[in-house]
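Everything below belongs to my_file.json, which stores JSON, C-alpha atoms.
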```json
[["chain", "number", "residue", "atom", "x", "y", "z"],
["A", 1, "MET", "CA", 0.00, 0.00, 0.00],
["A", 2, "ARG", "CA", 2.78, 2.43, 0.87],
["A", 3, "VAL", "CA", 4.58, 1.76, -2.39],
["A", 4, "ALA", "CA", 1.41, 2.42, -4.41],
["A", 5, "ALA", "CA", 0.75, 5.66, -2.54],
["A", 6, "LEU", "CA", 4.34, 6.84, -2.91],
["A", 7, "ASN", "CA", 4.28, 5.95, -6.61],
["A", 8, "ALA", "CA", 1.05, 7.92, -7.06],
["A", 9, "VAL", "CA", 2.58, 10.96, -5.38],
["A", 10, "ALA", "CA", 5.75, 10.72, -7.48],
["A", 11, "GLU", "CA", 3.85, 10.32, -10.75],
["A", 12, "GLU", "CA", 1.65, 13.31, -10.04],
["A", 13, "LEU", "CA", 4.58, 15.47, -8.98],
["A", 14, "PHE", "CA", 6.22, 14.68, -12.32],
["A", 15, "PHE", "CA", 3.29, 14.66, -14.76],
["A", 16, "ARG", "CA", 1.04, 17.31, -13.20],
["A", 17, "GLY", "CA", 3.75, 19.18, -11.28],
["A", 18, "ALA", "CA", 6.80, 19.43, -13.54],
["A", 19, "LEU", "CA", 5.49, 18.49, -16.98],
["A", 20, "TYR", "CA", 2.14, 20.32, -16.86],
["A", 21, "PRO", "CA", 3.57, 23.88, -16.99],
["A", 22, "ALA", "CA", 5.80, 22.94, -19.94],
["A", 23, "PHE", "CA", 2.71, 22.85, -22.22],
["A", 24, "PRO", "CA", 0.76, 26.04, -21.44],
["A", 25, "ARG", "CA", -1.89, 25.65, -24.17],
["A", 26, "PHE", "CA", -2.39, 21.88, -24.23],
["A", 27, "ALA", "CA", -1.29, 20.82, -20.76],
["A", 28, "VAL", "CA", -4.13, 18.36, -20.05],
["A", 29, "ALA", "CA", -3.82, 16.63, -23.43],
["A", 30, "ALA", "CA", -0.02, 16.58, -23.41],
["A", 31, "THR", "CA", 0.31, 15.16, -19.91],
["A", 32, "THR", "CA", -2.44, 12.60, -20.58],
["A", 33, "VAL", "CA", -0.68, 11.39, -23.72],
["A", 34, "ALA", "CA", 2.69, 11.31, -21.94],
["A", 35, "TYR", "CA", 1.22, 9.32, -19.06],
["A", 36, "ALA", "CA", -0.45, 6.89, -21.49],
["A", 37, "VAL", "CA", 2.81, 6.38, -23.41],
["A", 38, "VAL", "CA", 4.72, 5.63, -20.22],
["A", 39, "THR", "CA", 1.94, 3.27, -19.08],
["A", 40, "ALA", "CA", 2.04, 1.53, -22.49],
["A", 41, "ALA", "CA", 5.54, 0.33, -21.65],
["A", 42, "SER", "CA", 3.87, -2.19, -19.33],
["A", 43, "GLY", "CA", 2.39, -3.96, -22.34],
["A", 44, "VAL", "CA", -1.03, -4.32, -20.67],
["A", 45, "PRO", "CA", -3.79, -2.76, -22.84],
["A", 46, "LEU", "CA", -6.27, -2.42, -19.98],
["A", 47, "LEU", "CA", -3.65, -0.62, -17.91],
["A", 48, "VAL", "CA", -3.09, 1.81, -20.80],
["A", 49, "PHE", "CA", -6.84, 2.48, -20.92],
["A", 50, "ALA", "CA", -6.85, 3.11, -17.17],
["A", 51, "GLY", "CA", -3.82, 5.36, -17.60],
["A", 52, "VAL", "CA", -5.63, 7.47, -20.17],
["A", 53, "ALA", "CA", -8.67, 7.75, -17.89],
["A", 54, "LEU", "CA", -6.58, 8.59, -14.83],
["A", 55, "GLY", "CA", -4.37, 11.00, -16.78],
["A", 56, "LEU", "CA", -7.40, 12.87, -18.09],
["A", 57, "ILE", "CA", -9.09, 13.03, -14.68],
["A", 58, "THR", "CA", -5.99, 14.22, -12.84],
["A", 59, "GLY", "CA", -5.10, 16.64, -15.63],
["A", 60, "LEU", "CA", -8.52, 18.24, -15.37],
["A", 61, "GLN", "CA", -8.18, 18.35, -11.59],
["A", 62, "ARG", "CA", -4.86, 20.15, -12.01],
["A", 63, "ARG", "CA", -6.44, 22.69, -14.37],
["A", 64, "VAL", "CA", -9.30, 23.45, -11.97],
["A", 65, "ILE", "CA", -7.35, 23.45, -8.70],
["A", 66, "HIS", "CA", -4.12, 25.05, -10.05],
["A", 67, "GLY", "CA", -2.02, 22.78, -7.88],
["A", 68, "VAL", "CA", -0.93, 19.17, -7.50],
["A", 69, "LEU", "CA", -2.66, 18.27, -4.24],
["A", 70, "GLY", "CA", -5.97, 17.41, -5.93],
["A", 71, "PRO", "CA", -4.37, 15.13, -8.54],
["A", 72, "ILE", "CA", -2.23, 13.49, -5.85],
["A", 73, "ILE", "CA", -5.27, 12.72, -3.70],
["A", 74, "GLY", "CA", -7.19, 11.45, -6.72],
["A", 75, "HIS", "CA", -4.32, 9.20, -7.81],
["A", 76, "VAL", "CA", -3.81, 7.80, -4.30],
["A", 77, "ILE", "CA", -7.54, 7.01, -4.05],
["A", 78, "TRP", "CA", -7.47, 5.39, -7.51],
["A", 79, "SER", "CA", -4.42, 3.26, -6.69],
["A", 80, "SER", "CA", -5.76, 2.26, -3.28],
["A", 81, "SER", "CA", -9.12, 1.26, -4.68],
["A", 82, "MET", "CA", -7.43, -0.83, -7.37],
["A", 83, "LEU", "CA", -5.40, -2.62, -4.70],
["A", 84, "PHE", "CA", -8.42, -3.43, -2.58],
["A", 85, "LEU", "CA", -11.34, -3.70, -5.03],
["A", 86, "LEU", "CA", -9.84, -5.64, -7.93],
["A", 87, "PRO", "CA", -8.86, -8.70, -5.88],
["A", 88, "ALA", "CA", -12.35, -8.79, -4.36],
["A", 89, "ILE", "CA", -13.98, -8.53, -7.79],
["A", 90, "PHE", "CA", -11.85, -11.23, -9.40],
["A", 91, "ASP", "CA", -11.97, -13.52, -6.37],
["A", 92, "THR", "CA", -15.68, -14.26, -6.84]]
```
Could you express the structure from this file as structure tokens?
Amino acid sequence: MRVAALNAVAEELFFRGALYPAFPRFAVAATTVAYAVVTAASGVPLLVFAGVALGLITGLQRRVIHGVLGPIIGHVIWSSSMLFLLPAIFDT
């Protein structure tokens, strides 16, 4: 759990913290595509789809909140729910 939370914080600090301001006009789209490309390295198509969804959600959060705390909280909740809900869903 701690590793997933730390990873979520690190990803958001990079993608929505450092990379977001580098694209002033297309920040949400650019960071979503970058996050999807990095996620595609896993080779799992469903994970890429989830990466696009999460990248879009957190990018929009960043645009509305003007900070990284919202995207960090959203990513930690997403990662935590995947850790706890997916095993319960697939266990049945």
Quiz item: Got a sec: who's within 7 Å of Thr39 (chain A), counting only C-alpha atoms, leaving out chain neighbours fewer than 6 positions off, as number ranges by chain?
Solution: A: 47-48, 51
Quiz item: Between A:Ile73, A:Ile89, A:Val52, A:Ile65, which one has atoms that come closest to Thr32 (chain A), using all atoms listed in the file?
Solution: A:Val52
Self-check item: Which residue of A:Phe26, A:Phe84, A:Tyr35, A:Phe14 approaches Ile72 (chain A) most closely, using only C-alpha atoms
Solution: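 The shortest atom-to-atom distance to Ile72 (chain A) comes from A:Phe14.
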Self-check item: Option closest in space to Gly59 (chain A), from A:Pro24, A:Pro71, A:Leu19, A:Met1 [counting only C-alpha atoms]
Solution: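 Of A:Pro24, A:Pro71, A:Leu19, A:Met1, the one nearest Gly59 (chain A) is A:Pro71, counting only C-alpha atoms.
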Self-check item: Computed interatomic separation between CA of Pro45 (chain A) and CA of Phe15 (chain A) (Å)
Solution: 20.5 Å
If we count all atoms listed in the file, what is near Gly17 (chain A) at a cut-off of 9 Å, once residues fewer than 6 positions away on the same chain are taken out, given as a compact mmCIF listing (two decimals) with C-alpha atoms, in the coordinates of the input?
```txt
# COMPACT_ATOMS: atom_id res chain seq x y z
CA GLU A 11 3.85 10.32 -10.75
CA ARG A 62 -4.86 20.15 -12.01
CA GLY A 67 -2.02 22.78 -7.88
CA VAL A 68 -0.93 19.17 -7.50
```
Quiz item: So what do you get for CA of Gly74 (chain A) versus CA of Ala5 (chain A), distance-wise?
Solution: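 Interatomic distance, CA of Gly74 (chain A) to CA of Ala5 (chain A): 10.7 Å.
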Using the file's own x, y and z axes, what box holds all listed atoms of region 74-79 of chain A with 6 Å on each side, keeping edges along x, y and z, and what are its centre and edge lengths in Å to one decimal, as AutoDock Vina command-line options?
```
--center_x -5.7 --center_y 7.4 --center_z -5.9 --size_x 15.7 --size_y 20.2 --size_z 15.8
```
Quiz item: From the list A:Val76, A:Leu13, A:Ala22, A:Leu86, which residue is nearest Leu54 (chain A) when using all atoms listed in the file?
Solution: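 Nearest to Leu54 (chain A): A:Val76.
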Practice problem: Report the distance between CA of His75 (chain A) and CA of Ala8 (chain A) in Å, rounded to one decimal place. | Solution: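 Between CA of His75 (chain A) and CA of Ala8 (chain A) the gap is 5.6 Å.
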Quiz item: For Thr58 (chain A), which of A:Ala4, A:Ala10, A:Ala41, A:Arg16 is the closest residue, counting all atoms listed in the file?
Solution: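 Under the stated criterion, the closest residue is A:Arg16.
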Quiz prompt | Leu56 (chain A) environment, 9 Å, all atoms listed in the file, sequence neighbours closer than 5 positions dropped, as an MDAnalysis selection string | solution = chainID A and resid 28:29 31:33 51 61
Save out the residues we just selected, C-alpha atoms, as a compact mmCIF listing (two decimals), keeping the file's coordinate frame.
```txt
# COMPACT_ATOMS: atom_id res chain seq x y z
CA VAL A 28 -4.13 18.36 -20.05
CA ALA A 29 -3.82 16.63 -23.43
CA THR A 31 0.31 15.16 -19.91
CA THR A 32 -2.44 12.60 -20.58
CA VAL A 33 -0.68 11.39 -23.72
CA GLY A 51 -3.82 5.36 -17.60
CA GLN A 61 -8.18 18.35 -11.59
```
Can I get a file of region 46-70 of chain A from the given structure, N, CA and C atoms kept, as a PDB file, in the first residue's frame?
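Written file, selection_22.pdb:
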```pdb
ATOM      1  N   LEU A  46      -5.302  -2.947 -20.925  1.00  0.00           N
ATOM      2  CA  LEU A  46      -6.269  -2.420 -19.979  1.00  0.00           C
ATOM      3  C   LEU A  46      -5.633  -1.386 -19.051  1.00  0.00           C
ATOM      4  N   LEU A  47      -4.367  -1.579 -18.736  1.00  0.00           N
ATOM      5  CA  LEU A  47      -3.654  -0.617 -17.907  1.00  0.00           C
ATOM      6  C   LEU A  47      -3.434   0.692 -18.670  1.00  0.00           C
ATOM      7  N   VAL A  48      -3.234   0.604 -19.974  1.00  0.00           N
ATOM      8  CA  VAL A  48      -3.094   1.813 -20.798  1.00  0.00           C
ATOM      9  C   VAL A  48      -4.422   2.573 -20.819  1.00  0.00           C
ATOM     10  N   PHE A  49      -5.524   1.846 -20.966  1.00  0.00           N
ATOM     11  CA  PHE A  49      -6.842   2.478 -20.924  1.00  0.00           C
ATOM     12  C   PHE A  49      -7.071   3.171 -19.588  1.00  0.00           C
ATOM     13  N   ALA A  50      -6.724   2.506 -18.507  1.00  0.00           N
ATOM     14  CA  ALA A  50      -6.854   3.105 -17.172  1.00  0.00           C
ATOM     15  C   ALA A  50      -5.929   4.311 -17.034  1.00  0.00           C
ATOM     16  N   GLY A  51      -4.748   4.238 -17.639  1.00  0.00           N
ATOM     17  CA  GLY A  51      -3.816   5.359 -17.600  1.00  0.00           C
ATOM     18  C   GLY A  51      -4.353   6.578 -18.329  1.00  0.00           C
ATOM     19  N   VAL A  52      -5.019   6.351 -19.443  1.00  0.00           N
ATOM     20  CA  VAL A  52      -5.633   7.469 -20.174  1.00  0.00           C
ATOM     21  C   VAL A  52      -6.743   8.087 -19.328  1.00  0.00           C
ATOM     22  N   ALA A  53      -7.578   7.240 -18.733  1.00  0.00           N
ATOM     23  CA  ALA A  53      -8.669   7.753 -17.888  1.00  0.00           C
ATOM     24  C   ALA A  53      -8.119   8.527 -16.691  1.00  0.00           C
ATOM     25  N   LEU A  54      -7.149   7.942 -16.004  1.00  0.00           N
ATOM     26  CA  LEU A  54      -6.578   8.594 -14.834  1.00  0.00           C
ATOM     27  C   LEU A  54      -5.823   9.861 -15.221  1.00  0.00           C
ATOM     28  N   GLY A  55      -5.093   9.816 -16.320  1.00  0.00           N
ATOM     29  CA  GLY A  55      -4.370  10.996 -16.776  1.00  0.00           C
ATOM     30  C   GLY A  55      -5.299  12.144 -17.118  1.00  0.00           C
ATOM     31  N   LEU A  56      -6.423  11.830 -17.747  1.00  0.00           N
ATOM     32  CA  LEU A  56      -7.395  12.867 -18.087  1.00  0.00           C
ATOM     33  C   LEU A  56      -8.048  13.440 -16.832  1.00  0.00           C
ATOM     34  N   ILE A  57      -8.435  12.569 -15.914  1.00  0.00           N
ATOM     35  CA  ILE A  57      -9.087  13.028 -14.678  1.00  0.00           C
ATOM     36  C   ILE A  57      -8.141  13.908 -13.862  1.00  0.00           C
ATOM     37  N   THR A  58      -6.927  13.440 -13.655  1.00  0.00           N
ATOM     38  CA  THR A  58      -5.992  14.216 -12.839  1.00  0.00           C
ATOM     39  C   THR A  58      -5.522  15.484 -13.563  1.00  0.00           C
ATOM     40  N   GLY A  59      -5.436  15.434 -14.882  1.00  0.00           N
ATOM     41  CA  GLY A  59      -5.101  16.640 -15.632  1.00  0.00           C
ATOM     42  C   GLY A  59      -6.171  17.707 -15.501  1.00  0.00           C
ATOM     43  N   LEU A  60      -7.424  17.294 -15.553  1.00  0.00           N
ATOM     44  CA  LEU A  60      -8.522  18.237 -15.367  1.00  0.00           C
ATOM     45  C   LEU A  60      -8.568  18.763 -13.933  1.00  0.00           C
ATOM     46  N   GLN A  61      -8.261  17.889 -12.976  1.00  0.00           N
ATOM     47  CA  GLN A  61      -8.177  18.347 -11.589  1.00  0.00           C
ATOM     48  C   GLN A  61      -7.100  19.419 -11.444  1.00  0.00           C
ATOM     49  N   ARG A  62      -5.977  19.195 -12.076  1.00  0.00           N
ATOM     50  CA  ARG A  62      -4.860  20.153 -12.011  1.00  0.00           C
ATOM     51  C   ARG A  62      -5.260  21.492 -12.603  1.00  0.00           C
ATOM     52  N   ARG A  63      -6.013  21.450 -13.712  1.00  0.00           N
ATOM     53  CA  ARG A  63      -6.440  22.687 -14.365  1.00  0.00           C
ATOM     54  C   ARG A  63      -7.417  23.470 -13.489  1.00  0.00           C
ATOM     55  N   VAL A  64      -8.305  22.771 -12.806  1.00  0.00           N
ATOM     56  CA  VAL A  64      -9.303  23.454 -11.975  1.00  0.00           C
ATOM     57  C   VAL A  64      -8.698  23.951 -10.667  1.00  0.00           C
ATOM     58  N   ILE A  65      -7.872  23.130 -10.032  1.00  0.00           N
ATOM     59  CA  ILE A  65      -7.349  23.447  -8.704  1.00  0.00           C
ATOM     60  C   ILE A  65      -6.097  24.325  -8.770  1.00  0.00           C
ATOM     61  N   HIS A  66      -5.374  24.295  -9.881  1.00  0.00           N
ATOM     62  CA  HIS A  66      -4.122  25.047 -10.051  1.00  0.00           C
ATOM     63  C   HIS A  66      -3.031  24.593  -9.086  1.00  0.00           C
ATOM     64  N   GLY A  67      -3.033  23.337  -8.764  1.00  0.00           N
ATOM     65  CA  GLY A  67      -2.020  22.781  -7.881  1.00  0.00           C
ATOM     66  C   GLY A  67      -1.986  21.265  -8.045  1.00  0.00           C
ATOM     67  N   VAL A  68      -1.075  20.625  -7.346  1.00  0.00           N
ATOM     68  CA  VAL A  68      -0.927  19.171  -7.499  1.00  0.00           C
ATOM     69  C   VAL A  68      -1.578  18.368  -6.375  1.00  0.00           C
ATOM     70  N   LEU A  69      -2.083  19.021  -5.348  1.00  0.00           N
ATOM     71  CA  LEU A  69      -2.663  18.272  -4.237  1.00  0.00           C
ATOM     72  C   LEU A  69      -3.911  17.497  -4.661  1.00  0.00           C
ATOM     73  N   GLY A  70      -4.770  18.102  -5.448  1.00  0.00           N
ATOM     74  CA  GLY A  70      -5.970  17.410  -5.935  1.00  0.00           C
ATOM     75  C   GLY A  70      -5.640  16.176  -6.767  1.00  0.00           C
TER      76      GLY A  70
END
```
